[in-house]
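What follows is one structure encoded as structure tokens, with my remarks underneath.
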Amino acid sequence: MRSWIVDRWLKDARHQTDSGMVRVPPSAAMTRALSGGAPMSPKTLAKVPEAYRTAVYGTGKRWRVNWYETSGDGKKHLRAKNFALKTEAAAEQAALEDDLRSSRYISPSDERRTFKTVAELWIKTKVDAKASTVNRYKDELRCYVYPKWGGCSLGEITSQNMADWVVQLIDGTYPAELPHDRKPIALSPRSIRNIVKVVTAGALGYAVGQHWIAENAARSVTTPKIVAKDDDMVFLTVAEVEELADVASSVGGAVDGTLIRFLAYTGCRINEALALQVRDMRFDDGRARISRAWSEDSARRMKLDTPKNGKARTIALPASLIPALKELCEDHDETDFVFRPKRGGHILDHNWRTRVWYPSVLGAGMDGIAGLRIHSLRHTYASIAIANGADVKTLQSQLGHASAVETLGTYSALWPERLGEVAAAVDNARTSAIMSNHVSSARIGESKSPQKLNVSKG
């Protein structure tokens with residue numbers, strides 16, 4: 001790319017001489033007379049002879065920076081930008097050339113790409129993500145992001161209007177296209193983070209990587225702080241779990257009550273539990289092998305896949321659950337699913353949610369518990385386990401988290417504050433060590449003291 005500056009008002013005059021037609025540039029006096037830029041008085045404009053005036057003389061901005069850019073198809077396109085002062089044009093020319101040398105040049109045509117076009121290209125790059133994750137991205141784009149930014153050009157998305165959108169997400173005034181004609185509501189800090197910092201920022205980050213925009217406005221915008229990891233978690237008591245399971249048994253059947261207890265007392269994910277087969281159960285050891293889970297494919301059909309973190313694991317079964325689980329497995333083939341409808345086959349979580357979960361929550365009088373979801377049973381297990389002394393590594397293994405950092409980050413608020421206990425333990429260790437040293441020193445001292453000789457008389 002090369003750039004050059006053009007004077008839109010003045011041109012070379014053409015004069016006839018004995019040797020032929022020659023071009024005569026404007027004099028320095030003419031150039032200085034017009035240095036103030038438009039608008040100019042008729043008296044000033046009249047100082048320049050007609051032969052030196054262009055067709056747009058005295059109108060618009062005087063100076064223009066021209067440059068060529070090469071598009072993706074290899075074709076060159078002429079670009080231009082006008083300025084009132086030559087110093088401004090010179091600064092723009094220098095900036096253009098510097099951007100080119102440092103690979104920061106942004107094409108105006110690229111900035112005119114719509115966000116929706118870019119987001120759809122970004123989604124196609126998610127070949128390493130699970131289909132269910134990609135489907136969630138698509139849902140958030142369709143419901144929350146496209147109604148706001150879909151038709152906007154990349155150049156229109158600034159840090160300020162991104163910040164304004166975050167405020168709308170907080171107070172529930174954002175534009176949206178929600179299923180079943182639902183109305184927008186104020187979103188939780190966690191939901192806002194996912195919509196803005198994961199999905200929107202992901203698409204804009206792709207545009208930055210393609211050099212279509214210079215910065216990612218979604219990455220730099222501030223979203224509400226998630227004060228505590230459990231700010232949108234629900235933890236049921238054991239009594240509430242039992243009540244919910246009993247209602248589920250009456251709404252559906254014994255398998256549904258057992259499923260609720262299994263989720264609440266093992267911490268298993270719903271689609272891991274529904275993928276369990278008879279051969280995975282090791283009742284003698286009180287264990288079960290989690291090696292698969294139901295997951296959506298790109299067409300939103302359910303298929304058996306690996307667990308969430310891609311690794312199989314073995315979980316512990318509470319002894320009180322084993323009789324009910326044995327009954328579900330009795331007289332069934334090894335490849336039959338443990339949790340299955342009466343007619344056989346497998347249970348789909350979406351259908352089970354509608355058929356059993358929602359009616360059970362309503363029947364147990366828990367519909368007033370804000371945020372109660374099937375996943376709340378997993379959180380319930382974690383809270384019960386931690387309250388009864390579970391350490392981070394054990395809980396990580398049972399829940400199938402990728403690392404102990406994830407477990408601690410998710411449930412850190414549930415572990416009791418034990419600074420006093422630690423201080424007391426350190427103090428006891430110190431006291432014991434000091435006492436032990438004193439005893440040892442005393443013994444050494446006794447061994448080195450002079451011995452009295454018992455000499456008998458006579």
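By order of appearance in the structure tokens: chains A, B, ..., then residues from 1 within every chain, and ligands from 1 in the order shown.
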
Show which residues sit within 7 Å of segment 288-293 of chain A, as a ChimeraX atom specification. Count only C-alpha atoms, and ignore same-chain residues fewer than 6 positions away.
-> /A:271-272,275-276,280-282,304-307,312-317

Excluding Val234 of chain A and residues on its chain fewer than 4 positions from it, collect all residues at most 9 Å away from it, counting only C-alpha atoms, and give them as a list in words.
->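 Using only C-alpha atoms, the neighbours found are Asp230, Ile369, Ala370, Gly371, Leu372, Arg373, His375, Ser376, Leu377, His379 and Thr380 of chain A.
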
Quick one: residues within 9 Å of segment 74-81 of chain A, only C-alpha atoms counted, chain neighbours fewer than 6 positions away excluded, as a ChimeraX atom specification?
-> /A:63-68,89,92,108

How would the residues just picked look written out with all heavy atoms as a compact mmCIF listing (two decimals), in the first residue's frame?
```
# COMPACT_ATOMS: atom_id res chain seq x y z
N TRP A 63 -7.78 19.09 1.70
CA TRP A 63 -6.73 18.09 1.50
C TRP A 63 -7.30 16.67 1.55
O TRP A 63 -8.18 16.36 2.34
CB TRP A 63 -5.65 18.25 2.57
CG TRP A 63 -5.02 19.60 2.53
CD1 TRP A 63 -5.32 20.67 3.31
CD2 TRP A 63 -4.03 20.04 1.61
NE1 TRP A 63 -4.57 21.76 2.97
CE2 TRP A 63 -3.77 21.41 1.91
CE3 TRP A 63 -3.33 19.45 0.56
CZ2 TRP A 63 -2.84 22.17 1.21
CZ3 TRP A 63 -2.41 20.20 -0.14
CH2 TRP A 63 -2.16 21.54 0.18
N ARG A 64 -6.80 15.83 0.68
CA ARG A 64 -7.26 14.45 0.62
C ARG A 64 -6.05 13.50 0.65
O ARG A 64 -5.08 13.73 -0.07
CB ARG A 64 -8.07 14.21 -0.65
CG ARG A 64 -8.64 12.77 -0.74
CD ARG A 64 -9.53 12.60 -1.95
NE ARG A 64 -8.76 12.68 -3.18
CZ ARG A 64 -9.20 13.24 -4.31
NH1 ARG A 64 -10.38 13.81 -4.35
NH2 ARG A 64 -8.44 13.26 -5.38
N VAL A 65 -6.19 12.46 1.49
CA VAL A 65 -5.18 11.39 1.51
C VAL A 65 -5.72 10.23 0.70
O VAL A 65 -6.81 9.72 0.98
CB VAL A 65 -4.87 10.93 2.95
CG1 VAL A 65 -3.85 9.78 2.93
CG2 VAL A 65 -4.33 12.09 3.78
N ASN A 66 -5.00 9.84 -0.32
CA ASN A 66 -5.37 8.69 -1.15
C ASN A 66 -4.45 7.51 -0.83
O ASN A 66 -3.27 7.71 -0.52
CB ASN A 66 -5.21 9.01 -2.64
CG ASN A 66 -6.30 9.96 -3.14
OD1 ASN A 66 -7.33 10.12 -2.51
ND2 ASN A 66 -6.04 10.60 -4.28
N TRP A 67 -5.00 6.32 -0.91
CA TRP A 67 -4.17 5.12 -0.78
C TRP A 67 -4.87 3.94 -1.45
O TRP A 67 -6.09 3.94 -1.63
CB TRP A 67 -3.83 4.81 0.67
CG TRP A 67 -4.97 4.28 1.50
CD1 TRP A 67 -5.26 2.98 1.75
CD2 TRP A 67 -5.96 5.05 2.20
NE1 TRP A 67 -6.36 2.87 2.56
CE2 TRP A 67 -6.81 4.13 2.86
CE3 TRP A 67 -6.19 6.43 2.35
CZ2 TRP A 67 -7.88 4.54 3.64
CZ3 TRP A 67 -7.27 6.84 3.12
CH2 TRP A 67 -8.11 5.91 3.75
N TYR A 68 -4.09 2.96 -1.80
CA TYR A 68 -4.62 1.71 -2.35
C TYR A 68 -4.53 0.62 -1.28
O TYR A 68 -3.55 0.53 -0.55
CB TYR A 68 -3.82 1.27 -3.58
CG TYR A 68 -4.15 2.02 -4.85
CD1 TYR A 68 -3.25 2.95 -5.38
CD2 TYR A 68 -5.35 1.79 -5.50
CE1 TYR A 68 -3.55 3.64 -6.54
CE2 TYR A 68 -5.66 2.48 -6.67
CZ TYR A 68 -4.76 3.40 -7.18
OH TYR A 68 -5.06 4.08 -8.33
N ALA A 89 -3.72 15.99 7.21
CA ALA A 89 -3.56 14.99 6.14
C ALA A 89 -2.20 14.31 6.25
O ALA A 89 -2.09 13.08 6.06
CB ALA A 89 -3.71 15.67 4.78
N GLU A 92 -2.28 11.77 9.03
CA GLU A 92 -3.02 10.57 8.63
C GLU A 92 -2.17 9.70 7.70
O GLU A 92 -2.16 8.47 7.82
CB GLU A 92 -4.32 10.97 7.94
CG GLU A 92 -5.13 9.81 7.38
CD GLU A 92 -5.74 8.93 8.46
OE1 GLU A 92 -5.71 9.35 9.65
OE2 GLU A 92 -6.23 7.84 8.14
N PRO A 108 -11.34 0.05 5.80
CA PRO A 108 -12.71 0.54 6.02
C PRO A 108 -13.77 -0.45 5.55
O PRO A 108 -14.83 -0.57 6.15
CB PRO A 108 -12.75 1.84 5.20
CG PRO A 108 -11.32 2.29 5.14
CD PRO A 108 -10.52 1.03 5.06
```

Looking at A:Leu244, A:Ala131, A:Leu141, A:Val166, which one is nearest to Lys303 of chain A, with distances taken over only C-alpha atoms?
->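 For Lys303 of chain A, the nearest of the candidates is A:Ala131.
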
Using only C-alpha atoms, determine which residues lie at most 12 Å from Met30 of chain A, disregarding the query and same-chain residues fewer than 2 positions distant; provide the list as a list in words.
-> Trp9, Leu10, Lys11, Asp12, Pro25, Pro26, Ser27, Ala28, Arg32, Ala33, Leu34, Ser35, Gly36, Thr44, Leu45, Ala46, Lys47, Val48, Pro49, Glu50, Ala51, Tyr52 and Arg53 of chain A

In terms of the shortest atom-to-atom distance over only C-alpha atoms, which of A:Ala218, A:Ala324, A:Cys268, A:Met366 is closest to Glu240 of chain A?
-> A:Met366

Point-to-point distance in Å for atom CA of Phe235 of chain A and atom CA of Ile374 of chain A | 11.1 Å
